[in-house]
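Dropping structure-v4.txt in here (compact mmCIF, C-alpha atoms):
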# COMPACT_ATOMS: atom_id res chain seq x y z
CA MET A 1 0.00 0.00 0.00
CA GLY A 2 1.39 3.42 -0.98
CA ALA A 3 1.78 6.41 1.32
CA ARG A 4 -1.21 8.16 -0.24
CA SER A 5 -3.49 5.21 0.48
CA ARG A 6 -2.18 4.95 4.05
CA ARG A 7 -2.82 8.67 4.55
CA ALA A 8 -6.38 8.28 3.26
CA ARG A 9 -7.03 5.41 5.66
CA VAL A 10 -5.72 7.39 8.64
CA ILE A 11 -7.85 10.42 7.73
CA ALA A 12 -10.98 8.29 7.35
CA ALA A 13 -10.34 6.25 10.50
CA PHE A 14 -9.92 9.35 12.72
CA ASN A 15 -12.32 11.74 11.01
CA ALA A 16 -12.53 14.72 13.35
CA SER A 17 -14.25 17.17 11.01
CA GLN A 18 -17.68 15.54 10.64
CA PRO A 19 -20.24 13.99 12.99
CA VAL A 20 -20.37 10.21 13.28
CA ASP A 21 -23.11 8.81 11.02
CA ASP A 22 -22.90 5.13 11.91
CA ARG A 23 -24.25 3.91 15.25
CA TYR A 24 -21.48 1.34 15.47
CA GLU A 25 -18.95 4.17 15.45
CA LEU A 26 -20.73 6.00 18.29
CA LEU A 27 -18.21 4.68 20.75
CA GLY A 28 -18.56 5.60 24.41
CA ARG A 29 -22.04 7.10 24.04
CA MET A 30 -24.36 4.09 24.22
CA GLY A 31 -25.57 5.12 27.69
CA GLU A 32 -26.62 8.53 26.39
CA LEU A 33 -28.24 6.96 23.31
CA ASN A 34 -30.20 4.51 25.45
CA ARG A 35 -31.35 7.37 27.69
CA LEU A 36 -32.61 9.24 24.63
CA VAL A 37 -34.45 6.21 23.26
CA ASP A 38 -36.03 5.51 26.65
CA GLY A 39 -37.05 9.11 27.30
CA VAL A 40 -38.10 10.20 23.82
CA VAL A 41 -39.29 7.08 21.99
CA GLU A 42 -40.73 5.10 24.88
CA ARG A 43 -41.77 7.79 27.39
CA ARG A 44 -42.67 10.38 24.74
CA GLN A 45 -40.72 13.20 26.37
CA HIS A 46 -38.90 16.06 24.71
CA ALA A 47 -35.12 16.09 25.15
CA VAL A 48 -32.22 18.44 25.79
CA ILE A 49 -28.78 17.20 24.72
CA PHE A 50 -26.03 19.39 26.11
CA GLY A 51 -22.28 19.35 26.60
CA ALA A 52 -19.01 20.89 25.49
CA ARG A 53 -18.15 21.66 21.91
CA GLY A 54 -16.65 18.58 20.26
CA SER A 55 -18.20 16.22 22.80
CA GLY A 56 -20.32 14.39 20.23
CA LYS A 57 -23.75 16.00 20.74
CA THR A 58 -24.53 16.27 17.03
CA SER A 59 -23.36 12.70 16.39
CA LEU A 60 -25.62 11.48 19.18
CA ALA A 61 -28.60 13.39 17.80
CA ARG A 62 -28.06 12.14 14.25
CA ILE A 63 -27.71 8.50 15.30
CA PHE A 64 -30.87 8.88 17.39
CA GLY A 65 -32.59 10.19 14.26
CA ASP A 66 -31.57 7.06 12.36
CA LEU A 67 -33.01 4.85 15.11
CA ALA A 68 -36.22 6.88 15.08
CA ASP A 69 -36.57 6.32 11.34
CA GLU A 70 -36.21 2.58 11.90
CA ALA A 71 -39.01 2.78 14.48
CA GLU A 72 -41.25 4.16 11.67
CA CYS A 73 -41.09 7.68 13.09
CA VAL A 74 -39.78 10.72 11.22
CA ALA A 75 -36.72 12.63 12.50
CA ILE A 76 -35.97 16.01 10.92
CA TYR A 77 -32.66 17.74 11.62
CA HIS A 78 -31.84 21.44 11.32
CA ALA A 79 -29.23 23.76 12.88
CA ALA A 80 -30.15 27.15 14.32
CA THR A 81 -28.36 30.44 13.67
CA GLY A 82 -27.69 33.34 16.00
CA ASP A 83 -30.36 35.79 14.79
CA THR A 84 -33.12 33.21 14.34
CA GLY A 85 -36.64 34.14 15.39
CA PHE A 86 -39.16 31.48 16.39
CA ALA A 87 -41.01 31.26 13.06
CA GLU A 88 -37.73 31.29 11.14
CA LEU A 89 -36.41 28.53 13.38
CA LEU A 90 -39.33 26.21 12.57
CA ARG A 91 -39.88 27.20 8.94
CA PRO A 92 -37.31 24.68 7.52
CA TYR A 93 -39.32 21.84 9.09
CA LEU A 94 -42.62 22.84 7.47
CA PRO A 95 -42.16 21.11 4.07
CA PHE A 96 -41.56 17.81 5.87
CA LEU A 97 -44.59 18.33 8.10
CA VAL A 98 -46.76 19.19 5.10
CA ALA A 99 -45.64 16.00 3.34
CA GLU A 100 -46.60 13.95 6.40
CA ALA A 101 -49.93 15.72 7.03
CA ARG A 102 -53.40 14.52 6.16
CA PRO A 103 -54.42 15.97 2.77
CA ALA A 104 -57.19 18.07 4.31
CA ALA A 105 -54.77 19.72 6.76
CA ARG A 106 -51.89 20.48 4.40
CA ALA A 107 -53.07 23.93 3.36
CA ALA A 108 -53.14 25.23 6.93
CA LEU A 109 -49.63 23.98 7.57
CA ALA A 110 -48.30 25.26 4.27
CA ALA A 111 -49.75 28.71 5.00
CA LEU A 112 -47.44 29.05 8.01
CA ALA A 113 -44.45 29.27 5.67
CA GLU A 114 -45.64 32.70 4.47
CA GLN A 115 -46.20 34.32 7.86
CA GLU A 116 -44.77 34.97 11.30
CA PHE A 117 -46.37 32.57 13.75
CA THR A 118 -46.32 31.72 17.44
CA ALA A 119 -45.92 28.40 19.19
CA ARG A 120 -49.70 28.22 19.71
CA ALA A 121 -50.42 28.81 16.02
CA PHE A 122 -47.89 26.15 15.03
CA VAL A 123 -49.36 23.55 17.40
CA SER A 124 -52.92 24.39 16.32
CA ALA A 125 -52.02 23.68 12.70
CA ALA A 126 -49.68 20.73 13.19
CA ALA A 127 -51.14 18.70 16.05
CA PRO A 128 -54.32 17.52 14.30
CA ALA A 129 -52.63 17.16 10.92
CA LEU A 130 -50.12 14.38 11.50
CA THR A 131 -50.54 10.63 11.48
CA ARG A 132 -46.96 9.60 12.34
CA ARG A 133 -44.71 10.68 15.18
CA LEU A 134 -42.18 13.34 14.27
CA PHE A 135 -39.01 14.37 16.07
CA LEU A 136 -37.76 17.89 15.37
CA ILE A 137 -34.03 18.03 16.13
CA ILE A 138 -32.86 21.62 16.66
CA ASP A 139 -29.07 21.68 16.77
CA GLU A 140 -26.90 24.60 17.96
CA PHE A 141 -29.83 25.99 19.94
CA ASP A 142 -27.39 27.84 22.17
CA ARG A 143 -26.58 30.14 19.24
CA ILE A 144 -30.06 31.68 19.34
CA ALA A 145 -29.69 35.15 20.84
CA LEU A 146 -33.31 36.34 20.90
CA PRO A 147 -34.96 35.73 24.31
CA GLU A 148 -38.40 35.82 22.69
CA ALA A 149 -37.45 32.94 20.38
CA LYS A 150 -36.27 30.84 23.32
CA ALA A 151 -39.43 31.64 25.29
CA GLN A 152 -41.55 30.56 22.32
CA VAL A 153 -39.66 27.27 22.11
CA ALA A 154 -40.38 26.68 25.79
CA SER A 155 -44.06 27.36 25.08
CA LEU A 156 -43.89 24.98 22.12
CA LEU A 157 -42.64 22.09 24.26
CA LYS A 158 -45.35 22.70 26.85
CA LEU A 159 -48.16 22.99 24.28
CA LEU A 160 -47.04 19.90 22.35
CA SER A 161 -47.05 17.88 25.57
CA ASP A 162 -50.36 19.27 26.82
CA THR A 163 -52.12 18.55 23.52
CA ARG A 164 -50.50 15.11 23.20
CA ALA A 165 -49.39 16.10 19.69
CA PRO A 166 -47.38 13.49 17.74
CA ILE A 167 -44.42 15.90 17.65
CA GLN A 168 -41.44 15.89 20.00
CA VAL A 169 -38.51 18.28 20.07
CA LEU A 170 -34.82 17.57 20.73
CA LEU A 171 -32.75 20.64 21.57
CA VAL A 172 -29.00 20.17 21.13
CA GLY A 173 -26.05 22.13 22.45
CA ILE A 174 -27.64 24.27 25.13
CA ALA A 175 -25.64 23.51 28.28
CA ALA A 176 -26.00 27.05 29.61
CA ASP A 177 -29.67 27.36 28.75
CA VAL A 178 -31.30 24.31 30.32
CA ASP A 179 -32.07 26.00 33.65
CA ASP A 180 -33.41 29.12 31.94
CA LEU A 181 -35.72 27.02 29.80
CA LEU A 182 -37.08 25.11 32.78
CA GLU A 183 -37.57 28.29 34.82
CA ALA A 184 -39.70 29.71 32.03
CA HIS A 185 -42.08 26.74 32.38
CA PRO A 186 -41.43 24.74 35.58
CA SER A 187 -44.04 22.16 34.56
CA LEU A 188 -41.75 21.19 31.66
CA ARG A 189 -39.71 19.08 34.04
CA ARG A 190 -42.16 16.20 33.74
CA HIS A 191 -42.11 16.43 29.93
CA LEU A 192 -38.35 16.68 29.41
CA VAL A 193 -35.37 14.32 29.55
CA ALA A 194 -31.97 15.97 29.93
CA VAL A 195 -29.02 14.13 28.39
CA PRO A 196 -25.65 15.58 29.39
CA VAL A 197 -22.77 14.59 27.11
CA ARG A 198 -19.77 14.47 29.43
CA PRO A 199 -16.08 14.02 28.58
CA PHE A 200 -15.04 10.48 27.71
CA GLY A 201 -13.62 8.23 30.36
CA ALA A 202 -10.39 6.28 29.84
CA HIS A 203 -12.16 3.19 28.49
CA ALA A 204 -14.03 5.18 25.83
CA VAL A 205 -10.81 6.92 24.75
CA GLU A 206 -9.16 3.51 24.42
CA ALA A 207 -12.11 2.24 22.38
CA VAL A 208 -11.88 5.15 19.92
CA ILE A 209 -8.15 4.68 19.44
CA ALA A 210 -8.47 0.90 19.10
CA GLU A 211 -11.18 1.27 16.44
CA GLY A 212 -9.02 3.81 14.61
CA GLU A 213 -6.09 1.39 14.72
CA ARG A 214 -8.25 -1.34 13.21
CA ARG A 215 -9.47 0.84 10.38
CA SER A 216 -6.21 2.66 9.61
CA GLY A 217 -3.65 -0.11 10.07
CA ILE A 218 -1.58 2.27 12.22
CA VAL A 219 -0.54 1.10 15.68
CA PHE A 220 -0.66 3.41 18.72
CA PRO A 221 1.56 1.94 21.46
CA ARG A 222 0.63 2.44 25.11
CA GLN A 223 2.78 5.53 25.65
CA ALA A 224 1.40 7.23 22.56
CA ARG A 225 -2.16 6.49 23.67
CA ALA A 226 -1.44 7.88 27.13
CA GLN A 227 0.03 11.12 25.78
CA ILE A 228 -2.80 11.69 23.31
CA GLY A 229 -5.42 10.83 25.93
CA ALA A 230 -3.89 13.27 28.42
CA ALA A 231 -3.94 16.12 25.91
CA ALA A 232 -7.47 15.33 24.68
CA ALA A 233 -8.88 15.30 28.24
CA GLY A 234 -11.91 13.21 27.30
CA SER A 235 -12.94 15.18 24.22
CA PRO A 236 -13.88 12.78 21.36
CA TYR A 237 -13.08 15.51 18.83
CA HIS A 238 -9.56 16.04 20.18
CA VAL A 239 -8.87 12.30 20.53
CA ARG A 240 -9.60 11.85 16.83
CA LEU A 241 -7.83 15.05 15.81
CA PHE A 242 -4.61 14.28 17.68
CA CYS A 243 -4.63 10.62 16.60
CA GLN A 244 -5.17 11.59 12.99
CA ALA A 245 -2.30 14.09 13.05
CA ALA A 246 0.05 11.67 14.84
CA GLY A 247 -0.89 8.85 12.47
CA LEU A 248 -0.17 11.05 9.47
CA ALA A 249 3.18 12.00 10.98
CA ALA A 250 4.03 8.30 11.32
CA VAL A 251 3.03 7.64 7.69
CA GLU A 252 5.27 10.49 6.53
CA ARG A 253 8.15 8.76 8.32
CA GLY A 254 7.33 5.51 6.53
CA SER A 255 6.15 3.83 9.73
CA THR A 256 2.99 1.97 10.70
CA SER A 257 3.57 2.68 14.41
CA VAL A 258 3.14 5.99 16.20
CA ASP A 259 6.23 6.68 18.29
CA MET A 260 6.65 9.67 20.60
CA ALA A 261 8.22 11.74 17.85
CA ALA A 262 5.08 11.22 15.77
CA VAL A 263 2.89 12.17 18.76
CA ARG A 264 4.84 15.40 19.22
CA ALA A 265 4.68 16.15 15.50
CA GLY A 266 0.94 15.47 15.53
CA LEU A 267 0.29 17.75 18.50
CA ARG A 268 2.36 20.50 16.91
CA ALA A 269 0.51 20.14 13.58
CA SER A 270 -2.85 20.25 15.38
CA LEU A 271 -1.79 23.37 17.27
CA ASP A 272 -0.64 25.04 14.06
CA ASP A 273 -3.97 24.30 12.36
CA TRP A 274 -5.88 25.68 15.34
CA ALA A 275 -3.64 28.77 15.42
CA SER A 276 -4.75 29.58 11.88
CA VAL A 277 -8.28 30.25 13.18
CA ASN A 278 -7.42 31.47 16.70
CA ALA A 279 -4.10 33.21 16.38
CA SER A 280 -4.37 35.38 19.51
CA ALA A 281 -5.08 32.51 21.91
CA ALA A 282 -2.45 30.32 20.27
CA ALA A 283 0.18 33.05 20.61
CA LEU A 284 -0.79 33.56 24.25
CA PHE A 285 -0.50 29.84 24.99
CA GLU A 286 2.91 29.76 23.30
CA GLN A 287 4.10 32.61 25.48
CA LEU A 288 2.67 31.36 28.78
CA CYS A 289 3.77 27.74 28.37
CA SER A 290 7.39 28.88 28.16
CA ARG A 291 7.12 29.93 31.81
CA GLY A 292 7.84 26.97 34.03
CA ASP A 293 6.38 28.75 37.06
CA LEU A 294 2.93 28.94 35.42
CA ARG A 295 2.60 25.47 33.95
CA GLU A 296 0.85 23.72 36.83
CA ARG A 297 -1.73 26.49 37.21
CA LEU A 298 -2.30 26.52 33.47
CA ARG A 299 -2.71 22.75 33.46
CA ALA A 300 -5.25 22.92 36.31
CA ALA A 301 -7.21 25.64 34.51
CA ALA A 302 -7.19 23.68 31.24
CA CYS A 303 -8.36 20.50 32.99
CA ASP A 304 -11.19 22.40 34.70
CA GLY A 305 -12.19 23.99 31.41
CA ALA A 306 -12.21 20.61 29.66
CA ALA A 307 -14.09 18.78 32.41
CA TYR A 308 -16.53 21.43 33.64
CA GLN A 309 -16.49 24.16 30.95
CA ARG A 310 -15.76 26.57 33.79
CA ILE A 311 -12.79 27.60 35.92
CA ALA A 312 -13.45 28.64 39.52
CA ALA A 313 -12.45 32.22 40.29
CA ASP A 314 -9.70 31.19 42.72
CA ARG A 315 -8.11 28.90 40.11
CA VAL A 316 -7.91 31.39 37.24
CA PRO A 317 -4.35 32.39 36.30
CA GLN A 318 -4.60 36.11 35.55
CA ALA A 319 -2.05 35.79 32.76
CA LEU A 320 -4.57 33.57 30.95
CA ALA A 321 -7.34 36.22 31.13
CA PRO A 322 -7.10 37.37 27.46
CA ALA A 323 -8.26 33.89 26.37
CA LEU A 324 -11.15 33.79 28.85
CA SER A 325 -14.59 35.24 29.40
CA PHE A 326 -15.77 35.95 32.94
CA THR A 327 -19.11 35.37 34.64
CA ALA A 328 -20.75 37.72 37.12
CA ASP A 329 -19.37 35.68 40.04
CA GLY A 330 -15.78 35.83 38.77
CA ASP A 331 -15.60 32.32 37.35
CA ALA A 332 -14.17 31.96 33.86
CA VAL A 333 -14.79 30.03 30.66
CA PHE A 334 -12.50 29.71 27.66
CA ALA A 335 -13.68 32.06 24.92
CA ASP A 336 -12.95 29.25 22.46
CA SER A 337 -14.46 26.13 23.98
CA LEU A 338 -11.98 23.94 22.07
CA ALA A 339 -9.03 25.76 23.63
CA PRO A 340 -8.48 23.79 26.89
CA GLN A 341 -7.24 20.70 25.04
CA PHE A 342 -4.95 22.77 22.83
CA LEU A 343 -3.51 24.38 25.95
CA LEU A 344 -2.89 20.90 27.39
CA ALA A 345 -1.20 19.85 24.15
CA ARG A 346 1.01 22.94 24.23
CA LEU A 347 1.90 22.31 27.88
CA GLN A 348 2.83 18.75 27.00
CA LEU A 349 5.19 19.92 24.26
CA ALA A 350 6.70 22.54 26.56
CA ALA A 351 7.31 20.03 29.33
CA GLU A 352 9.01 17.57 26.95
CA ALA A 353 11.21 20.34 25.58
CA SER A 354 12.37 21.62 29.00
CA PRO A 355 15.98 20.83 30.03
CA SER A 356 14.89 19.09 33.22
CA THR A 357 12.55 16.78 31.35
CA MET A 358 15.16 15.89 28.74
CA ALA A 359 17.75 15.25 31.43
CA ALA A 360 15.37 12.95 33.29
CA ALA A 361 14.65 11.07 30.08
CA GLU A 362 18.36 10.48 29.54
So, in terms of structure tokens, how does the structure I just supplied come out?
Amino acid sequence: MGARSRRARVIAAFNASQPVDDRYELLGRMGELNRLVDGVVERRQHAVIFGARGSGKTSLARIFGDLADEAECVAIYHAATGDTGFAELLRPYLPFLVAEARPAARAALAALAEQEFTARAFVSAAAPALTRRLFLIIDEFDRIALPEAKAQVASLLKLLSDTRAPIQVLLVGIAADVDDLLEAHPSLRRHLVAVPVRPFGAHAVEAVIAEGERRSGIVFPRQARAQIGAAAAGSPYHVRLFCQAAGLAAVERGSTSVDMAAVRAGLRASLDDWASVNASAAALFEQLCSRGDLRERLRAAACDGAAYQRIAADRVPQALAPALSFTADGDAVFADSLAPQFLLARLQLAAEASPSTMAAAE
């Protein structure tokens, strides 16, 4: 097999740029998938899927949609945008609803496409029109900035449940908005299943790497797995990204095994790619990681950001402030939610390059 073919296999095996579209590749998320099926399909609840960027929320929602289709339901996926109003948010779903509606009810549903409408108007037209169950998957819901649109969605969930309409809604990517949504309609708690998508544990990380090995033909020895796992901090996206880059580095060296040089080359390549879209944070990390006195505090902050999406006020290194946003209580979040793992990768490279580390290795 030539180098080009080996590269193609590595890229496909550790695809970090697109959601997983095969349930058998949804490694480490079967518990969350089962919770969705139980809550949404069997108990007929709405759902909120939330977690960090790159945690696999969209993959989970899409695989759930495939299972729903197999259960003779209809799952319709759409992603929200920042300036979306309520009617604009639901308008992309209308052609699918019209196609599923009873012939006599299609005109009323189709008419919604030409007007601004409320949650009540939508439910009045859709609830009596449908014969099959539909799941409306609204991804990137956290990007919606208009409070009125969010309030209307809350009303939509309540009205759909109260009228026993054959429509259920899955909201994806709204970790910071779940409490606000429930406070708007406290009675929603009995209609809603919340599915947090947490960082991977060690076994799930191992499973992803092992599956990538099988598909790529590239071997990741124990030390390489440990180093990549430490930098990725449980993020499925970063596990795949770092493995892909390290595997490509090994292929370029004519090897089918990822040694530590390939891991370092992969982390550096991943950092360089990220720097092309976040130059200011990357430059800051480069500067701060050269300071040995800051590394442990930076590592603690990065681990908190990766695990909890928040850094407690008393654990925030002030030198890191330009890469952070601050809450009213002084806690911090990384402005780029993918940044904690890149900071960990940069810290790893800095530690391996330090004189004390190299002397210990010798």
Distance query stretch 226-238 of chain A at most 6 Å, all atoms listed in the file, self and fewer than 6 positions along chain excluded, as a list in words: Ala16, Gly54, Ser55, Pro199, Phe200, Gln341, Leu344 and Ala345 of chain A
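Note that atom CA of A:Ala224 and atom CA of A:Asp272 are 19.8 Å apart.
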Selected residue, from A:Pro103, A:Pro196, A:Gly201, A:Gly51, that lies nearest to A:Gln309 when counting only C-alpha atoms: A:Gly51
Edge lengths and centre, in Å to one decimal, as lines of an AutoDock Vina configuration file: that's what I need for the box along x, y and z that holds all listed atoms of stretch 262-265 of chain A plus 3 Å on each side.
center_x = 4.0
center_y = 13.7
center_z = 17.4
size_x = 8.2
size_y = 10.9
size_z = 9.7
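The two atoms in question, atom CA of A:Gly39 and atom CA of A:Gln168, are spaced 10.9 Å apart.
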Non-local contacts of A:Ser124 (10 Å; all atoms listed in the file; under 3 positions in same chain excluded) as a short mmCIF file (atom, residue, chain, number, x, y, z; two decimals) with C-alpha atoms, keeping the file's coordinate frame:
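out_2.cif was written with the following content:
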data_model
loop_
_atom_site.label_atom_id
_atom_site.label_comp_id
_atom_site.auth_asym_id
_atom_site.auth_seq_id
_atom_site.Cartn_x
_atom_site.Cartn_y
_atom_site.Cartn_z
CA ALA A 108 -53.14 25.23 6.93
CA LEU A 109 -49.63 23.98 7.57
CA THR A 118 -46.32 31.72 17.44
CA ALA A 119 -45.92 28.40 19.19
CA ARG A 120 -49.70 28.22 19.71
CA ALA A 121 -50.42 28.81 16.02
CA ALA A 127 -51.14 18.70 16.05
CA PRO A 128 -54.32 17.52 14.30
CA ALA A 129 -52.63 17.16 10.92
CA LEU A 159 -48.16 22.99 24.28
CA LEU A 160 -47.04 19.90 22.35
CA THR A 163 -52.12 18.55 23.52
CA ALA A 165 -49.39 16.10 19.69
#
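Across A:Gln318, A:Ser59, A:Thr327, A:Ser257, the tightest approach to A:Val20 is made by A:Ser59 when counting all atoms listed in the file.
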Point (-23.7, 4.7, 22.0) neighbourhood (10 Å, all atoms listed in the file) written as number ranges by chain: A: 23-35, 59-60, 63-64
Selection near A:Arg253, 12 Å with only C-alpha atoms, sequence-local residues under 5 positions removed, as number ranges by chain: A: 3, 6-7, 246-248, 258-259, 261-262, 265
Take the selection from the previous step and output its residues with C-alpha atoms, as a PDB file, in the coordinates of the input.
ATOM      1  CA  ALA A   3       1.780   6.410   1.320  1.00  0.00           C
ATOM      2  CA  ARG A   6      -2.180   4.950   4.050  1.00  0.00           C
ATOM      3  CA  ARG A   7      -2.820   8.670   4.550  1.00  0.00           C
ATOM      4  CA  ALA A 246       0.050  11.670  14.840  1.00  0.00           C
ATOM      5  CA  GLY A 247      -0.890   8.850  12.470  1.00  0.00           C
ATOM      6  CA  LEU A 248      -0.170  11.050   9.470  1.00  0.00           C
ATOM      7  CA  VAL A 258       3.140   5.990  16.200  1.00  0.00           C
ATOM      8  CA  ASP A 259       6.230   6.680  18.290  1.00  0.00           C
ATOM      9  CA  ALA A 261       8.220  11.740  17.850  1.00  0.00           C
ATOM     10  CA  ALA A 262       5.080  11.220  15.770  1.00  0.00           C
ATOM     11  CA  ALA A 265       4.680  16.150  15.500  1.00  0.00           C
TER      12      ALA A 265
END
Distance of atom CA of A:Glu70 from atom CA of A:Ala207, expressed in Å to one decimal place: 26.3 Å
All residues 12 Å or closer to A:Val172, only C-alpha atoms, same chain fewer than 6 positions away omitted, as a ChimeraX atom specification: /A:46-53,55-62,77-80,136-144,178,194-197
Residues of the last selection are to be written out with C-alpha atoms, as a PDB file, in the coordinates of the input.
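Output file again07.pdb follows:
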ATOM      1  CA  HIS A  46     -38.900  16.060  24.710  1.00  0.00           C
ATOM      2  CA  ALA A  47     -35.120  16.090  25.150  1.00  0.00           C
ATOM      3  CA  VAL A  48     -32.220  18.440  25.790  1.00  0.00           C
ATOM      4  CA  ILE A  49     -28.780  17.200  24.720  1.00  0.00           C
ATOM      5  CA  PHE A  50     -26.030  19.390  26.110  1.00  0.00           C
ATOM      6  CA  GLY A  51     -22.280  19.350  26.600  1.00  0.00           C
ATOM      7  CA  ALA A  52     -19.010  20.890  25.490  1.00  0.00           C
ATOM      8  CA  ARG A  53     -18.150  21.660  21.910  1.00  0.00           C
ATOM      9  CA  SER A  55     -18.200  16.220  22.800  1.00  0.00           C
ATOM     10  CA  GLY A  56     -20.320  14.390  20.230  1.00  0.00           C
ATOM     11  CA  LYS A  57     -23.750  16.000  20.740  1.00  0.00           C
ATOM     12  CA  THR A  58     -24.530  16.270  17.030  1.00  0.00           C
ATOM     13  CA  SER A  59     -23.360  12.700  16.390  1.00  0.00           C
ATOM     14  CA  LEU A  60     -25.620  11.480  19.180  1.00  0.00           C
ATOM     15  CA  ALA A  61     -28.600  13.390  17.800  1.00  0.00           C
ATOM     16  CA  ARG A  62     -28.060  12.140  14.250  1.00  0.00           C
ATOM     17  CA  TYR A  77     -32.660  17.740  11.620  1.00  0.00           C
ATOM     18  CA  HIS A  78     -31.840  21.440  11.320  1.00  0.00           C
ATOM     19  CA  ALA A  79     -29.230  23.760  12.880  1.00  0.00           C
ATOM     20  CA  ALA A  80     -30.150  27.150  14.320  1.00  0.00           C
ATOM     21  CA  LEU A 136     -37.760  17.890  15.370  1.00  0.00           C
ATOM     22  CA  ILE A 137     -34.030  18.030  16.130  1.00  0.00           C
ATOM     23  CA  ILE A 138     -32.860  21.620  16.660  1.00  0.00           C
ATOM     24  CA  ASP A 139     -29.070  21.680  16.770  1.00  0.00           C
ATOM     25  CA  GLU A 140     -26.900  24.600  17.960  1.00  0.00           C
ATOM     26  CA  PHE A 141     -29.830  25.990  19.940  1.00  0.00           C
ATOM     27  CA  ASP A 142     -27.390  27.840  22.170  1.00  0.00           C
ATOM     28  CA  ARG A 143     -26.580  30.140  19.240  1.00  0.00           C
ATOM     29  CA  ILE A 144     -30.060  31.680  19.340  1.00  0.00           C
ATOM     30  CA  VAL A 178     -31.300  24.310  30.320  1.00  0.00           C
ATOM     31  CA  ALA A 194     -31.970  15.970  29.930  1.00  0.00           C
ATOM     32  CA  VAL A 195     -29.020  14.130  28.390  1.00  0.00           C
ATOM     33  CA  PRO A 196     -25.650  15.580  29.390  1.00  0.00           C
ATOM     34  CA  VAL A 197     -22.770  14.590  27.110  1.00  0.00           C
TER      35      VAL A 197
END
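Residues in contact range of A:Asp304, defined as at most 10 Å between all atoms listed in the file, with sequence neighbours fewer than 6 positions away removed, read A:Ala233, A:Leu298, A:Arg310, A:Ile311, A:Ala312, A:Arg315, A:Val316, A:Val333, A:Pro340.
Residue nearest A:Asn278, chosen from A:Ala99, A:Ala335, A:Ala68, A:Leu36 and counting all atoms listed in the file: A:Ala335.
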Using all atoms listed in the file: which of A:Glu252, A:Ala353, A:Ala321, A:Arg198 has the shortest distance to A:Ala306: A:Arg198
Give me stretch 231-241 of chain A with N, CA, C and O atoms filled in, as a short mmCIF file (atom, residue, chain, number, x, y, z; two decimals), in the coordinates of the input.
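To be explicit, this is the file written out as part.cif:
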data_model
loop_
_atom_site.label_atom_id
_atom_site.label_comp_id
_atom_site.auth_asym_id
_atom_site.auth_seq_id
_atom_site.Cartn_x
_atom_site.Cartn_y
_atom_site.Cartn_z
N ALA A 231 -3.71 14.83 26.57
CA ALA A 231 -3.94 16.12 25.91
C ALA A 231 -5.40 16.30 25.53
O ALA A 231 -5.95 17.41 25.61
N ALA A 232 -6.08 15.23 25.12
CA ALA A 232 -7.47 15.33 24.68
C ALA A 232 -8.44 15.51 25.83
O ALA A 232 -9.54 16.05 25.64
N ALA A 233 -8.08 15.08 27.03
CA ALA A 233 -8.88 15.30 28.24
C ALA A 233 -10.34 14.88 28.07
O ALA A 233 -11.27 15.57 28.50
N GLY A 234 -10.56 13.75 27.42
CA GLY A 234 -11.91 13.21 27.30
C GLY A 234 -12.75 13.76 26.18
O GLY A 234 -13.91 13.38 26.04
N SER A 235 -12.19 14.62 25.34
CA SER A 235 -12.94 15.18 24.22
C SER A 235 -12.84 14.25 23.01
O SER A 235 -11.75 14.05 22.47
N PRO A 236 -13.95 13.66 22.54
CA PRO A 236 -13.88 12.78 21.36
C PRO A 236 -13.27 13.49 20.15
O PRO A 236 -12.51 12.88 19.39
N TYR A 237 -13.63 14.75 19.96
CA TYR A 237 -13.08 15.51 18.83
C TYR A 237 -11.56 15.56 18.91
O TYR A 237 -10.87 15.30 17.91
N HIS A 238 -11.01 15.89 20.06
CA HIS A 238 -9.56 16.04 20.18
C HIS A 238 -8.85 14.68 20.13
O HIS A 238 -7.73 14.60 19.62
N VAL A 239 -9.48 13.63 20.65
CA VAL A 239 -8.87 12.30 20.53
C VAL A 239 -8.66 11.98 19.06
O VAL A 239 -7.57 11.57 18.63
N ARG A 240 -9.70 12.16 18.27
CA ARG A 240 -9.60 11.85 16.83
C ARG A 240 -8.63 12.79 16.12
O ARG A 240 -7.85 12.37 15.27
N LEU A 241 -8.70 14.08 16.47
CA LEU A 241 -7.83 15.05 15.81
C LEU A 241 -6.36 14.74 16.08
O LEU A 241 -5.54 14.70 15.15
#
